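In what follows, a structure is listed as structure tokens, so that the remarks can point back to it.
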Amino acid sequence: MKELPFHLESDVSKAFNPPESMAGGVAVFDYNGDGRPDIFFTNGADLATLKKSSSKYSNRLFRNDGNGVFTDVTGQAGLAGTGFDVGVAAGDYDNDGHPDLFVAGVHHNTLYHNNGDGTFTDVTVKAGLDKANDPEFGPLWSVAAAWVDVNDDGLLDLFVVNYLRWQYTDKAQCSDYCHPRHYKGSPNQLFLNQGDGTFKDVSQEWGIRAHVGKGMAVGVADYDHDGRQDLFVTNDASENFLFHNMGNKFEEAGFETNTMLRQDGNPISGMGLDFRDLSNSGFADIVYVALNGETFPVLKNTGKGDFEEVTIPSGMGAQSVRMAGFGAAVYDFDNDGWKDIFVARGHSSWESMPAEMVAKQPNTVFRNLGSSGRLQGLTAEAGFEEETAAHHRGCAFGDFDGDGRVDAVVTSLDRNAELWMNRSSNSNHWLGISLHGVRSNRDGIGARIKVVTKTAKLHNHQTSSVCYASSSLGPVHFGLGTEATADQIEIIWPSGIVQILKNIDADRIIEVTEPDVAGGTPR
């Protein structure tokens, strides 16, 4: 583990204002187009004013110079920020080939346009995203967001996750951070990309505003393969939402898809998540995390329009029941062809807790044991020793040293950001697929990919929404096991075009541009 010179500052105090415990989003994306993943950290502010009154509250952008060296370029990039920032989403909303950033925060959000010359411009007002005060619900506290093309027009739209309604106090209302039941919830928001640099709030028309929750994270996937992107939202201590995309609106389908509650019918402290195919079935599964005593639910997509909870049979139930997690991510860390689960661990509480419910915890990788469906929790074995126990929050992923293994960056409330370099000791092969949409959005977000080798059929899709309040935008990663060649790659672009590539050598990143209809097969 290597520490990066960034310390999360959330204005922690004995007043126990909830934003103190909820900061920590991080994004991994290639902001300057040099082929190396860079790192952006959100940071807090003075809670009384919600202003960055000191440089210690600055957001930070670190340029990846290669060989494990990162340079702080925040000043020249113009990304220091002004308010109490929590979450971040990376995506190229104007399809100019340069990934932009949406930063979600407490009563204030910011859209940064990537100018393509190493700098960013705050275009929040111009884009129409500066209205963080709802006439019915008051100031909105946004914790996360996702870029997703909900209406298949080739432009990335913006979904914003809002948490609870909160006002500053200088006196503690509870002996620690109050349970979410002490606060009222808020609706999430959906903004349609108008294609001219502006966005339109369609939360009401698309059925989002009708569902009030205490949102913590959002995952994006086409779970039923109808060609439209769906959204899974975890809620803190209340029912989750599964927003099924009907083409011109969303229908909340949590109950009928078995994703609303844990299988015992009780709401839990739903935190971060990943909405990704864990079982190589071709359909996106759901993994999310919660606090001690609640387990980390694993929801297997049946391929029939609903999900089956496999938390207990997978072994995750018994292994996670005494753990607390803030973020979850599904990646193949050992390149064996089976995606594993990374959990950024730590409790929401700050004060001392009983020994079996410690607040500071080390991260954990749950290794996917393959077709058995079993998961093996690796903490010390994965390098996460007890001295790395902390109040971990956000996590994001990329191959920082170009060795074909997915690395991780994790934030916490009480230590510098952690850079975990993947040192899995095997000779397995891998493949990265970098997508460039033409009819689809530039990032190819929403594209489904199947890789076929002589021994396996592997599935993944492009999304930048992962973990808690975080974003990872880069090549879609596949571990190939012992196979040095992908016999066939099938890409179903969001536009519906199907593209086939054959006999692709492994151990590299390939650049794939979406063809026009003549070069691909319409779905």
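Chain labels follow the order of the structure tokens: the first chain is A, the next B, and so on; residue numbering restarts at 1 in every chain, and ligands are counted from 1 in their shown order.
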| strand (DSSP E or B) per DSSP on the backbone: members of region 131-254 of chain A, as an MDAnalysis selection string | chainID A and resid 133:134 138:139 141:148 157:162 186:187 189:193 199:201 212:213 215:221 230:236 241:245 250:252
Find the residues near Ala390 (chain A): any atom within 12 Å, counting only C-alpha atoms, skip ones fewer than 2 places away on the same chain, and give them as a PDB file with all heavy atoms, in the first residue's frame.
ATOM      1  N   ALA A 324     -18.530  -3.879   8.267  1.00  0.00           N
ATOM      2  CA  ALA A 324     -19.234  -2.694   7.776  1.00  0.00           C
ATOM      3  C   ALA A 324     -18.534  -2.240   6.507  1.00  0.00           C
ATOM      4  O   ALA A 324     -17.309  -2.169   6.453  1.00  0.00           O
ATOM      5  CB  ALA A 324     -19.215  -1.573   8.818  1.00  0.00           C
ATOM      6  N   GLY A 325     -19.313  -1.941   5.485  1.00  0.00           N
ATOM      7  CA  GLY A 325     -18.733  -1.508   4.221  1.00  0.00           C
ATOM      8  C   GLY A 325     -19.355  -0.213   3.749  1.00  0.00           C
ATOM      9  O   GLY A 325     -20.536   0.057   3.995  1.00  0.00           O
ATOM     10  N   PHE A 326     -18.568   0.589   3.048  1.00  0.00           N
ATOM     11  CA  PHE A 326     -19.094   1.802   2.432  1.00  0.00           C
ATOM     12  C   PHE A 326     -19.147   1.683   0.916  1.00  0.00           C
ATOM     13  O   PHE A 326     -20.017   2.271   0.276  1.00  0.00           O
ATOM     14  CB  PHE A 326     -18.268   3.031   2.840  1.00  0.00           C
ATOM     15  CG  PHE A 326     -19.031   3.989   3.698  1.00  0.00           C
ATOM     16  CD1 PHE A 326     -19.192   3.743   5.059  1.00  0.00           C
ATOM     17  CD2 PHE A 326     -19.596   5.134   3.182  1.00  0.00           C
ATOM     18  CE1 PHE A 326     -19.906   4.603   5.866  1.00  0.00           C
ATOM     19  CE2 PHE A 326     -20.315   6.013   3.975  1.00  0.00           C
ATOM     20  CZ  PHE A 326     -20.471   5.747   5.321  1.00  0.00           C
ATOM     21  N   ALA A 344     -14.601  -1.486   0.295  1.00  0.00           N
ATOM     22  CA  ALA A 344     -13.984  -0.446   1.123  1.00  0.00           C
ATOM     23  C   ALA A 344     -14.738  -0.434   2.448  1.00  0.00           C
ATOM     24  O   ALA A 344     -15.918  -0.082   2.503  1.00  0.00           O
ATOM     25  CB  ALA A 344     -14.075   0.913   0.441  1.00  0.00           C
ATOM     26  N   ARG A 345     -14.050  -0.815   3.510  1.00  0.00           N
ATOM     27  CA  ARG A 345     -14.719  -1.060   4.783  1.00  0.00           C
ATOM     28  C   ARG A 345     -14.514   0.059   5.791  1.00  0.00           C
ATOM     29  O   ARG A 345     -13.516   0.761   5.788  1.00  0.00           O
ATOM     30  CB  ARG A 345     -14.261  -2.398   5.370  1.00  0.00           C
ATOM     31  CG  ARG A 345     -14.802  -3.616   4.636  1.00  0.00           C
ATOM     32  CD  ARG A 345     -14.211  -4.899   5.190  1.00  0.00           C
ATOM     33  NE  ARG A 345     -14.414  -5.006   6.625  1.00  0.00           N
ATOM     34  CZ  ARG A 345     -13.707  -5.812   7.417  1.00  0.00           C
ATOM     35  NH1 ARG A 345     -12.741  -6.579   6.887  1.00  0.00           N
ATOM     36  NH2 ARG A 345     -13.938  -5.864   8.707  1.00  0.00           N
ATOM     37  N   GLY A 346     -15.484   0.190   6.667  1.00  0.00           N
ATOM     38  CA  GLY A 346     -15.458   1.180   7.733  1.00  0.00           C
ATOM     39  C   GLY A 346     -16.884   1.516   8.112  1.00  0.00           C
ATOM     40  O   GLY A 346     -17.798   1.446   7.293  1.00  0.00           O
ATOM     41  N   HIS A 347     -17.103   1.850   9.367  1.00  0.00           N
ATOM     42  CA  HIS A 347     -18.446   2.148   9.856  1.00  0.00           C
ATOM     43  C   HIS A 347     -18.761   3.628   9.692  1.00  0.00           C
ATOM     44  O   HIS A 347     -17.853   4.459   9.565  1.00  0.00           O
ATOM     45  CB  HIS A 347     -18.576   1.741  11.328  1.00  0.00           C
ATOM     46  CG  HIS A 347     -19.982   1.472  11.767  1.00  0.00           C
ATOM     47  ND1 HIS A 347     -20.860   2.479  12.102  1.00  0.00           N
ATOM     48  CD2 HIS A 347     -20.660   0.304  11.927  1.00  0.00           C
ATOM     49  CE1 HIS A 347     -22.023   1.953  12.455  1.00  0.00           C
ATOM     50  NE2 HIS A 347     -21.936   0.629  12.355  1.00  0.00           N
ATOM     51  N   SER A 348     -20.051   3.967   9.704  1.00  0.00           N
ATOM     52  CA  SER A 348     -20.442   5.373   9.626  1.00  0.00           C
ATOM     53  C   SER A 348     -20.192   6.098  10.934  1.00  0.00           C
ATOM     54  O   SER A 348     -20.002   7.316  10.951  1.00  0.00           O
ATOM     55  CB  SER A 348     -21.929   5.488   9.258  1.00  0.00           C
ATOM     56  OG  SER A 348     -22.730   4.821  10.213  1.00  0.00           O
ATOM     57  N   SER A 349     -20.193   5.366  12.047  1.00  0.00           N
ATOM     58  CA  SER A 349     -19.946   5.984  13.347  1.00  0.00           C
ATOM     59  C   SER A 349     -18.478   6.290  13.538  1.00  0.00           C
ATOM     60  O   SER A 349     -17.599   5.631  12.982  1.00  0.00           O
ATOM     61  CB  SER A 349     -20.435   5.061  14.473  1.00  0.00           C
ATOM     62  OG  SER A 349     -21.825   4.890  14.412  1.00  0.00           O
ATOM     63  N   TRP A 350     -18.219   7.297  14.351  1.00  0.00           N
ATOM     64  CA  TRP A 350     -16.849   7.721  14.608  1.00  0.00           C
ATOM     65  C   TRP A 350     -16.361   7.283  15.983  1.00  0.00           C
ATOM     66  O   TRP A 350     -15.202   7.013  16.200  1.00  0.00           O
ATOM     67  CB  TRP A 350     -16.751   9.244  14.496  1.00  0.00           C
ATOM     68  CG  TRP A 350     -15.348   9.763  14.526  1.00  0.00           C
ATOM     69  CD1 TRP A 350     -14.648  10.222  15.602  1.00  0.00           C
ATOM     70  CD2 TRP A 350     -14.458   9.863  13.412  1.00  0.00           C
ATOM     71  NE1 TRP A 350     -13.388  10.594  15.238  1.00  0.00           N
ATOM     72  CE2 TRP A 350     -13.243  10.399  13.888  1.00  0.00           C
ATOM     73  CE3 TRP A 350     -14.577   9.562  12.054  1.00  0.00           C
ATOM     74  CZ2 TRP A 350     -12.153  10.636  13.053  1.00  0.00           C
ATOM     75  CZ3 TRP A 350     -13.492   9.790  11.231  1.00  0.00           C
ATOM     76  CH2 TRP A 350     -12.299  10.324  11.731  1.00  0.00           C
ATOM     77  N   VAL A 358     -16.209  -2.809  15.536  1.00  0.00           N
ATOM     78  CA  VAL A 358     -15.253  -1.710  15.459  1.00  0.00           C
ATOM     79  C   VAL A 358     -15.593  -0.791  14.298  1.00  0.00           C
ATOM     80  O   VAL A 358     -16.097  -1.217  13.259  1.00  0.00           O
ATOM     81  CB  VAL A 358     -13.812  -2.231  15.312  1.00  0.00           C
ATOM     82  CG1 VAL A 358     -13.384  -2.945  16.593  1.00  0.00           C
ATOM     83  CG2 VAL A 358     -13.686  -3.148  14.109  1.00  0.00           C
ATOM     84  N   ALA A 359     -15.321   0.505  14.482  1.00  0.00           N
ATOM     85  CA  ALA A 359     -15.627   1.501  13.453  1.00  0.00           C
ATOM     86  C   ALA A 359     -14.576   1.510  12.351  1.00  0.00           C
ATOM     87  O   ALA A 359     -14.901   1.652  11.173  1.00  0.00           O
ATOM     88  CB  ALA A 359     -15.761   2.881  14.084  1.00  0.00           C
ATOM     89  N   LYS A 360     -13.297   1.383  12.741  1.00  0.00           N
ATOM     90  CA  LYS A 360     -12.222   1.353  11.757  1.00  0.00           C
ATOM     91  C   LYS A 360     -11.991  -0.095  11.308  1.00  0.00           C
ATOM     92  O   LYS A 360     -11.811  -0.982  12.148  1.00  0.00           O
ATOM     93  CB  LYS A 360     -10.931   1.916  12.342  1.00  0.00           C
ATOM     94  CG  LYS A 360     -10.994   3.380  12.716  1.00  0.00           C
ATOM     95  CD  LYS A 360      -9.643   3.841  13.234  1.00  0.00           C
ATOM     96  CE  LYS A 360      -9.656   5.310  13.625  1.00  0.00           C
ATOM     97  NZ  LYS A 360      -8.334   5.762  14.094  1.00  0.00           N
ATOM     98  N   GLN A 361     -11.978  -0.330   9.993  1.00  0.00           N
ATOM     99  CA  GLN A 361     -11.838  -1.690   9.488  1.00  0.00           C
ATOM    100  C   GLN A 361     -10.935  -1.709   8.259  1.00  0.00           C
ATOM    101  O   GLN A 361     -10.883  -0.738   7.503  1.00  0.00           O
ATOM    102  CB  GLN A 361     -13.219  -2.261   9.133  1.00  0.00           C
ATOM    103  CG  GLN A 361     -14.182  -2.325  10.302  1.00  0.00           C
ATOM    104  CD  GLN A 361     -15.503  -2.976   9.953  1.00  0.00           C
ATOM    105  OE1 GLN A 361     -15.609  -3.723   8.989  1.00  0.00           O
ATOM    106  NE2 GLN A 361     -16.527  -2.698  10.760  1.00  0.00           N
ATOM    107  N   PRO A 362     -10.223  -2.811   8.055  1.00  0.00           N
ATOM    108  CA  PRO A 362      -9.420  -2.955   6.835  1.00  0.00           C
ATOM    109  C   PRO A 362     -10.312  -3.315   5.648  1.00  0.00           C
ATOM    110  O   PRO A 362     -11.415  -3.837   5.825  1.00  0.00           O
ATOM    111  CB  PRO A 362      -8.465  -4.109   7.173  1.00  0.00           C
ATOM    112  CG  PRO A 362      -9.245  -4.937   8.148  1.00  0.00           C
ATOM    113  CD  PRO A 362     -10.069  -3.965   8.959  1.00  0.00           C
ATOM    114  N   ASN A 363      -9.853  -3.023   4.465  1.00  0.00           N
ATOM    115  CA  ASN A 363     -10.588  -3.401   3.262  1.00  0.00           C
ATOM    116  C   ASN A 363     -10.529  -4.917   3.064  1.00  0.00           C
ATOM    117  O   ASN A 363      -9.709  -5.605   3.676  1.00  0.00           O
ATOM    118  CB  ASN A 363     -10.006  -2.693   2.040  1.00  0.00           C
ATOM    119  CG  ASN A 363     -10.048  -1.187   2.181  1.00  0.00           C
ATOM    120  OD1 ASN A 363     -11.061  -0.628   2.595  1.00  0.00           O
ATOM    121  ND2 ASN A 363      -8.955  -0.517   1.844  1.00  0.00           N
ATOM    122  N   PHE A 384      -4.364  -6.408   3.097  1.00  0.00           N
ATOM    123  CA  PHE A 384      -5.043  -5.428   3.946  1.00  0.00           C
ATOM    124  C   PHE A 384      -4.849  -5.800   5.413  1.00  0.00           C
ATOM    125  O   PHE A 384      -5.710  -6.410   6.034  1.00  0.00           O
ATOM    126  CB  PHE A 384      -6.529  -5.364   3.599  1.00  0.00           C
ATOM    127  CG  PHE A 384      -6.792  -5.142   2.135  1.00  0.00           C
ATOM    128  CD1 PHE A 384      -7.601  -6.008   1.422  1.00  0.00           C
ATOM    129  CD2 PHE A 384      -6.244  -4.066   1.467  1.00  0.00           C
ATOM    130  CE1 PHE A 384      -7.854  -5.816   0.071  1.00  0.00           C
ATOM    131  CE2 PHE A 384      -6.493  -3.865   0.113  1.00  0.00           C
ATOM    132  CZ  PHE A 384      -7.293  -4.740  -0.576  1.00  0.00           C
ATOM    133  N   GLU A 385      -3.719  -5.436   5.947  1.00  0.00           N
ATOM    134  CA  GLU A 385      -3.415  -5.763   7.336  1.00  0.00           C
ATOM    135  C   GLU A 385      -4.194  -4.864   8.282  1.00  0.00           C
ATOM    136  O   GLU A 385      -4.759  -3.848   7.886  1.00  0.00           O
ATOM    137  CB  GLU A 385      -1.905  -5.612   7.584  1.00  0.00           C
ATOM    138  CG  GLU A 385      -1.026  -6.438   6.656  1.00  0.00           C
ATOM    139  CD  GLU A 385      -1.129  -7.945   6.906  1.00  0.00           C
ATOM    140  OE1 GLU A 385      -1.727  -8.331   7.924  1.00  0.00           O
ATOM    141  OE2 GLU A 385      -0.612  -8.715   6.075  1.00  0.00           O
ATOM    142  N   GLU A 386      -4.219  -5.223   9.548  1.00  0.00           N
ATOM    143  CA  GLU A 386      -4.986  -4.467  10.538  1.00  0.00           C
ATOM    144  C   GLU A 386      -4.506  -3.027  10.676  1.00  0.00           C
ATOM    145  O   GLU A 386      -5.274  -2.142  11.039  1.00  0.00           O
ATOM    146  CB  GLU A 386      -4.938  -5.166  11.893  1.00  0.00           C
ATOM    147  CG  GLU A 386      -5.806  -6.423  11.971  1.00  0.00           C
ATOM    148  CD  GLU A 386      -7.270  -6.156  11.658  1.00  0.00           C
ATOM    149  OE1 GLU A 386      -7.811  -5.142  12.137  1.00  0.00           O
ATOM    150  OE2 GLU A 386      -7.868  -6.960  10.934  1.00  0.00           O
ATOM    151  N   GLU A 387      -3.234  -2.771  10.347  1.00  0.00           N
ATOM    152  CA  GLU A 387      -2.760  -1.392  10.467  1.00  0.00           C
ATOM    153  C   GLU A 387      -3.358  -0.475   9.404  1.00  0.00           C
ATOM    154  O   GLU A 387      -3.213   0.741   9.469  1.00  0.00           O
ATOM    155  CB  GLU A 387      -1.229  -1.323  10.411  1.00  0.00           C
ATOM    156  CG  GLU A 387      -0.607  -1.874   9.147  1.00  0.00           C
ATOM    157  CD  GLU A 387      -0.152  -3.316   9.309  1.00  0.00           C
ATOM    158  OE1 GLU A 387      -0.730  -4.031  10.152  1.00  0.00           O
ATOM    159  OE2 GLU A 387       0.797  -3.717   8.614  1.00  0.00           O
ATOM    160  N   THR A 388      -4.026  -1.069   8.420  1.00  0.00           N
ATOM    161  CA  THR A 388      -4.714  -0.241   7.415  1.00  0.00           C
ATOM    162  C   THR A 388      -6.194  -0.066   7.745  1.00  0.00           C
ATOM    163  O   THR A 388      -6.951   0.439   6.927  1.00  0.00           O
ATOM    164  CB  THR A 388      -4.583  -0.850   6.011  1.00  0.00           C
ATOM    165  OG1 THR A 388      -5.230  -2.123   5.972  1.00  0.00           O
ATOM    166  CG2 THR A 388      -3.121  -1.005   5.619  1.00  0.00           C
ATOM    167  N   HIS A 392     -12.894   3.849   5.915  1.00  0.00           N
ATOM    168  CA  HIS A 392     -12.816   3.912   4.457  1.00  0.00           C
ATOM    169  C   HIS A 392     -14.148   4.340   3.859  1.00  0.00           C
ATOM    170  O   HIS A 392     -15.215   4.049   4.402  1.00  0.00           O
ATOM    171  CB  HIS A 392     -12.402   2.551   3.886  1.00  0.00           C
ATOM    172  CG  HIS A 392     -11.011   2.147   4.269  1.00  0.00           C
ATOM    173  ND1 HIS A 392     -10.743   1.124   5.150  1.00  0.00           N
ATOM    174  CD2 HIS A 392      -9.808   2.641   3.894  1.00  0.00           C
ATOM    175  CE1 HIS A 392      -9.429   0.995   5.299  1.00  0.00           C
ATOM    176  NE2 HIS A 392      -8.837   1.903   4.543  1.00  0.00           N
ATOM    177  N   ARG A 393     -14.066   5.025   2.731  1.00  0.00           N
ATOM    178  CA  ARG A 393     -15.269   5.545   2.091  1.00  0.00           C
ATOM    179  C   ARG A 393     -15.304   5.201   0.594  1.00  0.00           C
ATOM    180  O   ARG A 393     -15.739   4.165   0.195  1.00  0.00           O
ATOM    181  CB  ARG A 393     -15.373   7.068   2.326  1.00  0.00           C
ATOM    182  CG  ARG A 393     -15.626   7.462   3.801  1.00  0.00           C
ATOM    183  CD  ARG A 393     -16.928   6.884   4.289  1.00  0.00           C
ATOM    184  NE  ARG A 393     -17.257   7.273   5.660  1.00  0.00           N
ATOM    185  CZ  ARG A 393     -17.149   6.477   6.713  1.00  0.00           C
ATOM    186  NH1 ARG A 393     -16.669   5.247   6.564  1.00  0.00           N
ATOM    187  NH2 ARG A 393     -17.523   6.882   7.916  1.00  0.00           N
ATOM    188  N   VAL A 410      -8.415   4.228  -2.549  1.00  0.00           N
ATOM    189  CA  VAL A 410      -9.461   4.255  -1.527  1.00  0.00           C
ATOM    190  C   VAL A 410      -9.269   5.472  -0.638  1.00  0.00           C
ATOM    191  O   VAL A 410      -8.142   5.805  -0.259  1.00  0.00           O
ATOM    192  CB  VAL A 410      -9.425   2.975  -0.654  1.00  0.00           C
ATOM    193  CG1 VAL A 410     -10.631   2.918   0.280  1.00  0.00           C
ATOM    194  CG2 VAL A 410      -9.368   1.727  -1.515  1.00  0.00           C
ATOM    195  N   THR A 411     -10.367   6.135  -0.287  1.00  0.00           N
ATOM    196  CA  THR A 411     -10.299   7.261   0.641  1.00  0.00           C
ATOM    197  C   THR A 411     -10.736   6.812   2.032  1.00  0.00           C
ATOM    198  O   THR A 411     -11.411   5.805   2.200  1.00  0.00           O
ATOM    199  CB  THR A 411     -11.204   8.421   0.200  1.00  0.00           C
ATOM    200  OG1 THR A 411     -12.574   7.995   0.226  1.00  0.00           O
ATOM    201  CG2 THR A 411     -10.848   8.893  -1.204  1.00  0.00           C
ATOM    202  N   SER A 412     -10.344   7.595   3.030  1.00  0.00           N
ATOM    203  CA  SER A 412     -10.820   7.352   4.390  1.00  0.00           C
ATOM    204  C   SER A 412     -10.843   8.687   5.124  1.00  0.00           C
ATOM    205  O   SER A 412     -10.248   9.673   4.688  1.00  0.00           O
ATOM    206  CB  SER A 412      -9.919   6.353   5.126  1.00  0.00           C
ATOM    207  OG  SER A 412      -8.717   6.967   5.535  1.00  0.00           O
ATOM    208  N   LEU A 413     -11.525   8.683   6.267  1.00  0.00           N
ATOM    209  CA  LEU A 413     -11.689   9.920   7.025  1.00  0.00           C
ATOM    210  C   LEU A 413     -10.523  10.209   7.961  1.00  0.00           C
ATOM    211  O   LEU A 413     -10.456  11.305   8.516  1.00  0.00           O
ATOM    212  CB  LEU A 413     -12.986   9.849   7.848  1.00  0.00           C
ATOM    213  CG  LEU A 413     -14.284   9.809   7.053  1.00  0.00           C
ATOM    214  CD1 LEU A 413     -15.463   9.623   7.997  1.00  0.00           C
ATOM    215  CD2 LEU A 413     -14.452  11.083   6.242  1.00  0.00           C
ATOM    216  N   ASP A 414      -9.635   9.259   8.162  1.00  0.00           N
ATOM    217  CA  ASP A 414      -8.628   9.460   9.194  1.00  0.00           C
ATOM    218  C   ASP A 414      -7.214   9.118   8.743  1.00  0.00           C
ATOM    219  O   ASP A 414      -6.337   8.917   9.577  1.00  0.00           O
ATOM    220  CB  ASP A 414      -8.983   8.653  10.447  1.00  0.00           C
ATOM    221  CG  ASP A 414      -9.521   7.267  10.134  1.00  0.00           C
ATOM    222  OD1 ASP A 414      -9.354   6.809   8.992  1.00  0.00           O
ATOM    223  OD2 ASP A 414     -10.112   6.666  11.028  1.00  0.00           O
ATOM    224  N   ARG A 415      -6.958   9.047   7.444  1.00  0.00           N
ATOM    225  CA  ARG A 415      -5.606   8.852   6.964  1.00  0.00           C
ATOM    226  C   ARG A 415      -5.539   9.305   5.516  1.00  0.00           C
ATOM    227  O   ARG A 415      -6.557   9.550   4.879  1.00  0.00           O
ATOM    228  CB  ARG A 415      -5.172   7.386   7.090  1.00  0.00           C
ATOM    229  CG  ARG A 415      -6.000   6.431   6.247  1.00  0.00           C
ATOM    230  CD  ARG A 415      -5.601   4.983   6.496  1.00  0.00           C
ATOM    231  NE  ARG A 415      -4.204   4.765   6.221  1.00  0.00           N
ATOM    232  CZ  ARG A 415      -3.487   3.771   6.752  1.00  0.00           C
ATOM    233  NH1 ARG A 415      -4.050   2.927   7.581  1.00  0.00           N
ATOM    234  NH2 ARG A 415      -2.216   3.621   6.447  1.00  0.00           N
ATOM    235  N   ASN A 416      -4.328   9.432   4.990  1.00  0.00           N
ATOM    236  CA  ASN A 416      -4.181   9.805   3.583  1.00  0.00           C
ATOM    237  C   ASN A 416      -4.810   8.750   2.679  1.00  0.00           C
ATOM    238  O   ASN A 416      -4.992   7.595   3.065  1.00  0.00           O
ATOM    239  CB  ASN A 416      -2.705   9.966   3.227  1.00  0.00           C
ATOM    240  CG  ASN A 416      -2.131  11.280   3.705  1.00  0.00           C
ATOM    241  OD1 ASN A 416      -2.849  12.136   4.220  1.00  0.00           O
ATOM    242  ND2 ASN A 416      -0.832  11.454   3.550  1.00  0.00           N
ATOM    243  N   ALA A 417      -5.128   9.166   1.469  1.00  0.00           N
ATOM    244  CA  ALA A 417      -5.707   8.234   0.503  1.00  0.00           C
ATOM    245  C   ALA A 417      -4.755   7.065   0.269  1.00  0.00           C
ATOM    246  O   ALA A 417      -3.526   7.230   0.244  1.00  0.00           O
ATOM    247  CB  ALA A 417      -5.987   8.955  -0.808  1.00  0.00           C
ATOM    248  N   GLU A 418      -5.331   5.884   0.075  1.00  0.00           N
ATOM    249  CA  GLU A 418      -4.552   4.663  -0.070  1.00  0.00           C
ATOM    250  C   GLU A 418      -4.538   4.213  -1.528  1.00  0.00           C
ATOM    251  O   GLU A 418      -5.592   4.088  -2.159  1.00  0.00           O
ATOM    252  CB  GLU A 418      -5.157   3.546   0.795  1.00  0.00           C
ATOM    253  CG  GLU A 418      -5.230   3.891   2.264  1.00  0.00           C
ATOM    254  CD  GLU A 418      -6.090   2.920   3.059  1.00  0.00           C
ATOM    255  OE1 GLU A 418      -6.559   1.911   2.470  1.00  0.00           O
ATOM    256  OE2 GLU A 418      -6.295   3.168   4.254  1.00  0.00           O
TER     257      GLU A 418
END
| 7 Å contact set for region 148-160 of chain A, only C-alpha atoms, chain neighbours under 3 positions out, as a list in words | Tyr93, Ser142, Ala144, Ala145, Asn188, Gln189, Leu190, Phe191, Leu192, Asn193, Gly195, Arg228, Gln229, Gly247, Asn248, Arg439, Ser440, Asn441, Ile445, Pro494 and Ser495 of chain A
Can you write out the residues you just picked, keeping C-alpha atoms, as a PDB file, in the first residue's frame?
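Once written, result-v2.pdb looks like this:
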ATOM      1  CA  TYR A  93     -21.280  14.555 -21.786  1.00  0.00           C
ATOM      2  CA  SER A 142     -26.251  15.005  -3.294  1.00  0.00           C
ATOM      3  CA  ALA A 144     -23.442  10.420  -5.935  1.00  0.00           C
ATOM      4  CA  ALA A 145     -24.293  10.576  -9.628  1.00  0.00           C
ATOM      5  CA  ASN A 188     -33.316  11.728  -6.722  1.00  0.00           C
ATOM      6  CA  GLN A 189     -33.027  13.744  -9.935  1.00  0.00           C
ATOM      7  CA  LEU A 190     -32.761  13.014 -13.647  1.00  0.00           C
ATOM      8  CA  PHE A 191     -31.423  15.567 -16.124  1.00  0.00           C
ATOM      9  CA  LEU A 192     -31.733  14.995 -19.877  1.00  0.00           C
ATOM     10  CA  ASN A 193     -28.836  16.145 -22.044  1.00  0.00           C
ATOM     11  CA  GLY A 195     -27.129  18.357 -26.859  1.00  0.00           C
ATOM     12  CA  ARG A 228     -32.462   0.405 -22.217  1.00  0.00           C
ATOM     13  CA  GLN A 229     -30.308   1.321 -19.234  1.00  0.00           C
ATOM     14  CA  GLY A 247     -38.091   4.279 -22.867  1.00  0.00           C
ATOM     15  CA  ASN A 248     -39.767   7.523 -21.848  1.00  0.00           C
ATOM     16  CA  ARG A 439     -23.742   6.737 -32.884  1.00  0.00           C
ATOM     17  CA  SER A 440     -23.649   5.902 -29.178  1.00  0.00           C
ATOM     18  CA  ASN A 441     -22.202   8.189 -26.511  1.00  0.00           C
ATOM     19  CA  ILE A 445     -21.431   3.715 -21.498  1.00  0.00           C
ATOM     20  CA  PRO A 494     -26.091   1.368 -26.898  1.00  0.00           C
ATOM     21  CA  SER A 495     -27.205   2.343 -30.417  1.00  0.00           C
TER      22      SER A 495
END
| said: To test your reading of the structure, identify every residue in region 376-518 of chain A that backbone DSSP assigns to helix (DSSP H, G or I), and report it as a PyMOL selection string. | reply: chain A and resi 386-388+517-518
Selection: 8 Å around Glu511 (chain A), only C-alpha atoms, excl. self and same-chain fewer than 2 positions, as a short mmCIF file (atom, residue, chain, number, x, y, z; two decimals) with N, CA, C and O atoms, in the first residue's frame:
data_model
loop_
_atom_site.label_atom_id
_atom_site.label_comp_id
_atom_site.auth_asym_id
_atom_site.auth_seq_id
_atom_site.Cartn_x
_atom_site.Cartn_y
_atom_site.Cartn_z
N ILE A 433 -10.60 -3.33 -23.18
CA ILE A 433 -11.31 -2.88 -24.37
C ILE A 433 -11.74 -1.44 -24.17
O ILE A 433 -12.60 -1.14 -23.33
N SER A 434 -11.11 -0.54 -24.92
CA SER A 434 -11.39 0.90 -24.84
C SER A 434 -12.38 1.26 -25.94
O SER A 434 -12.09 1.09 -27.13
N LEU A 435 -13.56 1.73 -25.55
CA LEU A 435 -14.65 1.97 -26.49
C LEU A 435 -14.72 3.43 -26.92
O LEU A 435 -14.53 4.34 -26.10
N HIS A 436 -15.03 3.65 -28.18
CA HIS A 436 -15.22 5.00 -28.72
C HIS A 436 -16.51 5.01 -29.53
O HIS A 436 -16.55 4.55 -30.67
N ILE A 509 -4.39 -3.42 -24.32
CA ILE A 509 -5.63 -2.67 -24.45
C ILE A 509 -5.89 -2.45 -25.93
O ILE A 509 -5.00 -1.98 -26.65
N THR A 513 -13.63 1.39 -32.18
CA THR A 513 -14.55 2.45 -32.57
C THR A 513 -15.83 1.86 -33.10
O THR A 513 -15.81 0.92 -33.91
#
| region 131-137 of chain A environment, 7 Å, only C-alpha atoms, sequence neighbours closer than 2 positions dropped, as a list in words | His107, His108, Leu129, Pro139, Leu140 and Ser186 of chain A
